[in-house]
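run14.txt (compact mmCIF, C-alpha atoms) appears below.
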# COMPACT_ATOMS: atom_id res chain seq x y z
CA LEU C 1 129.24 9.15 -51.60
CA HIS C 2 128.89 7.62 -55.04
CA ASN C 3 126.24 5.03 -55.94
CA ASN C 4 124.13 5.57 -52.81
CA LEU C 5 120.89 6.58 -54.55
CA LEU C 6 120.59 9.65 -52.38
CA GLY C 7 117.88 11.22 -54.49
CA GLY C 8 116.81 14.84 -54.17
CA HIS C 9 116.21 14.83 -50.40
CA GLY C 10 119.41 12.96 -49.63
CA ALA C 11 121.43 15.34 -51.77
CA GLN C 12 119.88 18.26 -49.96
CA TYR C 13 120.86 16.74 -46.61
CA PHE C 14 124.46 16.16 -47.68
CA SER C 15 124.60 19.66 -49.14
CA GLU C 16 124.32 20.99 -45.60
CA ILE C 17 127.29 18.85 -44.58
CA ILE C 18 129.39 19.72 -47.60
CA LYS C 19 129.15 23.47 -47.13
CA ASN C 20 130.98 23.12 -43.79
CA GLN C 21 133.86 21.18 -45.35
CA SER C 22 136.08 24.05 -46.46
CA LEU C 23 139.11 21.74 -46.78
CA LEU C 24 137.34 19.26 -49.06
CA GLU C 25 139.38 18.42 -52.17
CA VAL C 26 137.59 15.43 -53.72
CA LEU C 27 133.83 14.93 -54.01
CA ASN C 28 132.20 12.00 -55.78
CA MET C 29 128.39 12.05 -55.83
CA SER C 30 127.93 10.02 -59.00
CA SER C 31 124.99 7.64 -59.53
CA ASN C 32 122.83 9.08 -56.77
CA GLN C 33 119.64 9.95 -58.66
CA ILE C 34 120.28 13.62 -58.06
CA HIS C 35 118.00 15.63 -60.31
CA GLY C 36 116.17 18.91 -60.70
CA ASP C 37 117.79 22.32 -60.32
CA ILE C 38 120.31 21.14 -57.64
CA ARG C 39 120.28 24.65 -56.16
CA ASP C 40 121.24 23.54 -52.64
CA LEU C 41 124.13 21.43 -53.84
CA ALA C 42 125.41 24.26 -56.04
CA LYS C 43 125.30 26.69 -53.11
CA SER C 44 127.27 24.27 -50.96
CA LEU C 45 129.92 23.81 -53.64
CA LYS C 46 130.66 27.51 -53.46
CA LYS C 47 132.03 26.87 -49.96
CA THR C 48 134.57 24.29 -51.18
CA SER C 49 137.15 26.51 -52.85
CA ARG C 50 139.89 23.86 -52.46
CA LEU C 51 138.00 21.25 -54.46
CA THR C 52 140.12 19.66 -57.21
CA HIS C 53 137.94 16.67 -58.21
CA LEU C 54 134.17 16.76 -58.72
CA ASP C 55 132.14 13.82 -60.04
CA LEU C 56 128.39 14.23 -60.59
CA SER C 57 128.13 11.68 -63.38
CA ASN C 58 125.14 9.40 -63.90
CA ASN C 59 122.70 11.79 -62.25
CA GLU C 60 120.20 12.08 -65.04
CA ASN C 61 117.59 14.79 -65.44
CA ILE C 62 119.49 17.72 -64.02
CA THR C 63 117.51 20.63 -65.41
CA ALA C 64 118.80 23.47 -67.56
CA GLN C 65 118.42 25.74 -64.54
CA GLY C 66 120.42 23.25 -62.54
CA ILE C 67 123.29 23.50 -65.03
CA ILE C 68 123.21 27.28 -64.62
CA TYR C 69 123.40 26.98 -60.83
CA LEU C 70 126.18 24.43 -61.15
CA SER C 71 128.10 26.67 -63.56
CA GLN C 72 127.89 29.53 -61.09
CA ALA C 73 129.30 27.26 -58.40
CA LEU C 74 132.10 26.02 -60.64
CA TYR C 75 133.17 29.60 -61.20
CA THR C 76 134.18 29.68 -57.52
CA LEU C 77 136.37 26.56 -57.84
CA PRO C 78 139.52 27.83 -59.57
CA LYS C 79 141.61 24.83 -58.48
CA LEU C 80 139.37 22.22 -60.12
CA GLU C 81 141.38 19.66 -62.09
CA LYS C 82 138.86 16.94 -62.81
CA LEU C 83 135.18 17.45 -63.66
CA ASN C 84 132.89 14.56 -64.58
CA LEU C 85 129.38 15.43 -65.78
CA ASN C 86 128.87 12.31 -67.89
CA ASN C 87 125.21 11.35 -68.31
CA THR C 88 123.68 14.35 -66.55
CA ASP C 89 121.32 15.35 -69.37
CA ILE C 90 123.26 18.46 -70.39
CA SER C 91 122.05 20.10 -73.58
CA SER C 92 123.00 23.78 -73.42
CA VAL C 93 126.65 24.37 -72.51
CA TYR C 94 126.74 28.15 -72.89
CA TYR C 95 127.14 28.92 -69.18
CA LEU C 96 129.44 25.97 -68.67
CA SER C 97 131.71 27.08 -71.50
CA VAL C 98 131.97 30.55 -69.97
CA VAL C 99 133.10 28.97 -66.70
CA LEU C 100 135.60 26.67 -68.42
CA LYS C 101 137.50 29.71 -69.63
CA ASN C 102 138.22 30.44 -65.95
CA MET C 103 139.48 26.93 -65.13
CA SER C 104 143.21 27.30 -65.47
CA PHE C 105 144.09 23.91 -63.95
CA ILE C 106 141.50 21.63 -65.59
CA LYS C 107 143.11 18.32 -66.61
CA ASP C 108 140.21 15.95 -67.17
CA LEU C 109 136.78 16.95 -68.47
CA ASP C 110 134.05 14.38 -69.11
CA LEU C 111 130.87 15.62 -70.82
CA GLY C 112 130.03 12.35 -72.52
CA ASN C 113 126.59 10.76 -72.87
CA ASN C 114 124.63 14.01 -72.86
CA ASN C 115 122.68 16.02 -75.44
CA ILE C 116 125.41 18.40 -76.55
CA ASP C 117 125.03 19.47 -80.18
CA THR C 118 127.54 20.73 -82.71
CA GLN C 119 127.33 24.34 -81.56
CA GLY C 120 127.84 23.20 -78.00
CA ALA C 121 130.97 21.29 -78.98
CA ILE C 122 132.31 24.41 -80.69
CA GLU C 123 131.69 26.45 -77.54
CA ILE C 124 133.46 23.86 -75.40
CA ALA C 125 136.43 23.62 -77.76
CA ASN C 126 136.82 27.38 -77.91
CA ALA C 127 136.60 27.64 -74.12
CA LEU C 128 139.38 25.08 -73.66
CA LYS C 129 141.91 26.67 -75.97
CA GLY C 130 145.08 27.54 -74.16
CA LYS C 131 144.45 25.18 -71.24
CA LYS C 132 148.02 24.00 -70.84
CA HIS C 133 147.12 21.33 -68.25
CA LEU C 134 144.23 19.70 -70.15
CA GLU C 135 145.03 16.02 -70.74
CA ARG C 136 141.69 14.35 -71.45
CA LEU C 137 138.40 15.48 -73.01
CA ASP C 138 135.38 13.21 -73.39
CA LEU C 139 132.53 14.36 -75.66
CA SER C 140 131.35 10.88 -76.60
CA LYS C 141 127.72 9.90 -77.16
CA ASN C 142 126.37 13.35 -77.89
CA ASN C 143 124.86 14.90 -81.03
CA ILE C 144 128.03 16.38 -82.49
CA SER C 145 128.69 16.47 -86.24
CA ASP C 146 131.29 17.62 -88.76
CA GLY C 147 130.47 21.28 -88.16
CA SER C 148 132.57 21.17 -84.99
CA VAL C 149 135.70 19.73 -86.59
CA ASP C 150 137.44 23.04 -87.31
CA ALA C 151 137.09 24.14 -83.68
CA LEU C 152 138.23 20.72 -82.46
CA THR C 153 141.29 20.64 -84.70
CA GLN C 154 142.23 24.12 -83.47
CA LEU C 155 141.94 22.81 -79.92
CA LEU C 156 144.22 19.91 -80.83
CA HIS C 157 146.94 22.25 -82.07
CA PRO C 158 150.01 21.94 -79.80
CA VAL C 159 149.89 25.65 -79.02
CA SER C 160 146.27 25.38 -77.84
CA SER C 161 146.54 22.21 -75.76
CA ARG C 162 150.04 20.83 -75.59
CA ALA C 163 149.20 18.41 -72.74
CA LEU C 164 146.10 16.89 -74.37
CA THR C 165 146.63 13.20 -75.11
CA LYS C 166 143.12 11.75 -75.28
CA LEU C 167 139.97 12.96 -77.04
CA ASN C 168 136.86 10.79 -77.10
CA LEU C 169 134.36 11.68 -79.83
CA SER C 170 132.82 8.25 -80.33
CA GLY C 171 129.07 7.84 -80.57
CA ASN C 172 128.47 11.12 -82.39
CA LYS C 173 127.47 11.98 -85.97
CA PHE C 174 130.76 12.43 -87.79
CA THR C 175 131.16 11.49 -91.45
CA ARG C 176 134.32 10.42 -93.24
CA VAL C 177 134.90 14.06 -94.20
CA GLY C 178 135.07 15.14 -90.57
CA VAL C 179 137.09 12.12 -89.46
CA ALA C 180 139.64 12.70 -92.23
CA LYS C 181 140.25 16.23 -90.97
CA LEU C 182 140.73 14.97 -87.42
CA VAL C 183 143.06 12.22 -88.58
CA THR C 184 145.47 14.67 -90.17
CA VAL C 185 146.15 16.10 -86.71
CA LEU C 186 147.39 12.72 -85.51
CA LYS C 187 150.28 12.75 -87.94
CA LYS C 188 151.51 15.95 -86.32
CA ARG C 189 150.83 14.78 -82.76
CA PRO C 190 151.51 11.02 -82.52
CA GLU C 191 150.97 11.06 -78.75
CA LEU C 192 147.26 11.78 -79.24
CA GLU C 193 144.54 9.17 -78.85
CA ILE C 194 141.35 10.08 -80.69
CA TYR C 195 138.29 7.88 -80.42
CA VAL C 196 135.84 8.68 -83.18
CA VAL C 197 133.29 6.87 -85.33
CA CYS C 198 132.27 7.91 -88.82
CA ASP C 199 129.01 7.01 -90.52
CA VAL C 200 130.53 4.81 -93.25
CA GLU C 201 133.61 2.65 -92.99
CA PRO C 202 136.48 3.80 -95.21
CA SER C 203 137.98 1.52 -97.80
CA THR C 204 140.26 -1.09 -96.27
CA SER C 205 141.42 -2.64 -99.52
CA THR C 206 144.95 -2.25 -100.83
CA SER C 207 143.69 -0.59 -104.02
CA THR C 208 143.89 3.17 -104.41
CA PRO C 209 141.06 4.82 -102.45
CA SER C 210 138.48 6.64 -104.57
CA THR C 211 137.74 9.73 -102.47
CA SER C 212 140.02 12.36 -100.96
CA GLU C 213 138.75 11.45 -97.50
CA ASP C 214 139.50 7.77 -98.02
CA LYS C 215 142.97 8.70 -99.24
CA VAL C 216 143.63 10.48 -95.95
CA LEU C 217 142.28 7.60 -93.89
CA TYR C 218 144.12 5.02 -95.99
CA SER C 219 147.32 7.01 -95.65
CA TYR C 220 146.77 7.29 -91.92
CA ASN C 221 146.38 3.54 -91.52
CA LYS C 222 149.65 2.97 -93.38
CA TYR C 223 151.34 5.68 -91.34
CA ILE C 224 150.38 3.97 -88.09
CA LYS C 225 151.75 0.62 -89.24
CA ILE C 226 155.02 2.03 -90.50
CA LYS C 227 155.80 4.43 -87.69
CA LYS C 228 154.48 2.16 -84.92
CA LEU C 229 153.09 5.06 -82.96
CA SER C 230 151.58 4.79 -79.51
CA THR C 231 148.26 2.93 -79.46
CA ILE C 232 145.59 5.03 -81.13
CA GLY C 233 141.99 4.24 -80.25
CA ILE C 234 140.46 5.34 -83.50
CA ASP C 235 137.35 3.39 -84.42
CA LEU C 236 136.53 3.76 -88.07
Structure rendered as structure tokens:
Amino acid sequence: LHNNLLGGHGAQYFSEIIKNQSLLEVLNMSSNQIHGDIRDLAKSLKKTSRLTHLDLSNNENITAQGIIYLSQALYTLPKLEKLNLNNTDISSVYYLSVVLKNMSFIKDLDLGNNNIDTQGAIEIANALKGKKHLERLDLSKNNISDGSVDALTQLLHPVSSRALTKLNLSGNKFTRVGVAKLVTVLKKRPELEIYVVCDVEPSTSTSTPSTSEDKVLYSYNKYIKIKKLSTIGIDL
């Protein structure tokens, strides 16, 4: 059902159909101009307990109340493995983070291109600790800064998320200080791919870096070349 420009009325119509599909496992309603509080859609999702993949991305202007309704629906989907809410105008993630704690099988979570702030990122990271199936987390293009780094590095610890291999933090507000802390994790977990952008490019010269953060980044660049680790998508 993706990219059909259903709009509010169309989504309401399909909500009636969806709630009778108890065996439904995959639902893609991305890019359909779904907006508002999406109450009807959320109610219908509660009837799809076997759902493993849900994509509502690129439906801008879902209201804060809509996120609450959606979170309540997600609580009834314990088998969900993939959730894509990219570009849905999310700002507050409190209710969503509470629900994430209940998602034991989540593998792929995309919350990119929203309005999630640093506190929101901390709430998400804390909610995902211990998710042994989590493989990919996208928090790109939000309003996240260095204040979230401690929570994110804890999430990246092998004990917290041993299956996680890709974290996208690009398009946020990280500085070299925050990036340096994230980079140190990569030396312990070479299988990780972290996409992140800092505000100022670190020194790329062969001379000794001047700051402690540049020393970490400089050391990391050398480490990658020497050890020939798997491709790391780190944009500095």
Interatomic distance (Å, one decimal) between CA of Ser91 (chain C) and CA of Leu139 (chain C):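 So the answer is 12.1 Å.
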At a cut-off of 6 Å from (123.4, 18.0, -77.5) in the coordinates of the file, what residues are picked up using all atoms listed in the file, written as a list in words?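 Returned residue set, sorted by chain then number, is Ser91, Asn115, Ile116, Asp117, Asn142 and Asn143 of chain C.
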Nearest residue to Val98 (chain C) out of C:Asn172, C:Leu74, C:Ile38, C:Ser148, using only C-alpha atoms?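 Ranking C:Asn172, C:Leu74, C:Ile38, C:Ser148 by distance to Val98 (chain C), first place goes to C:Leu74.
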Atomic separation - CA of Val159 (chain C) relative to CA of Asp138 (chain C), Å: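 Computing the Euclidean distance for CA of Asp138 (chain C) and CA of Val159 (chain C) yields 19.9 Å.
Comparing C:Leu27, C:Ile90, C:Ala127, C:Leu100 by their smallest distance to Asn113 (chain C), the closest is C:Ile90 (using only C-alpha atoms).
The two atoms in question, CA of Leu186 (chain C) and CA of Leu152 (chain C), are spaced 12.5 Å apart.
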With all atoms listed in the file as the basis for distance, which of C:Leu96, C:Leu54, C:Met103, C:Ile34 is at the shortest distance from Pro78 (chain C)?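 Using all atoms listed in the file, the shortest distance to Pro78 (chain C) belongs to C:Met103.
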Nearest to Ile124 (chain C): which of C:Asp150, C:Val93, C:Tyr69, C:Ala163 is it, counting all atoms listed in the file? C:Val93
Using all atoms listed in the file, can you tell me which of C:Val26, C:Ala151, C:Ile194, C:Leu77 comes closest to Lys129 (chain C)?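 The answer is C:Ala151, which sits nearest to Lys129 (chain C).
If you measure from each of C:Lys82, C:Arg39, C:Lys187, C:His157 to Leu70 (chain C) using all atoms listed in the file, the closest one turns out to be C:Arg39.
Using all atoms listed in the file, the protein and nucleic acid residues lying at most 9 Å from the point (140.8, 22.4, -56.8) are C:Glu25, C:Val26, C:Thr48, C:Ser49, C:Arg50, C:Leu51, C:Thr52, C:His53, C:Leu54, C:Leu77, C:Pro78, C:Lys79, C:Leu80, C:Glu81, C:Lys82, C:Phe105, C:Ile106.
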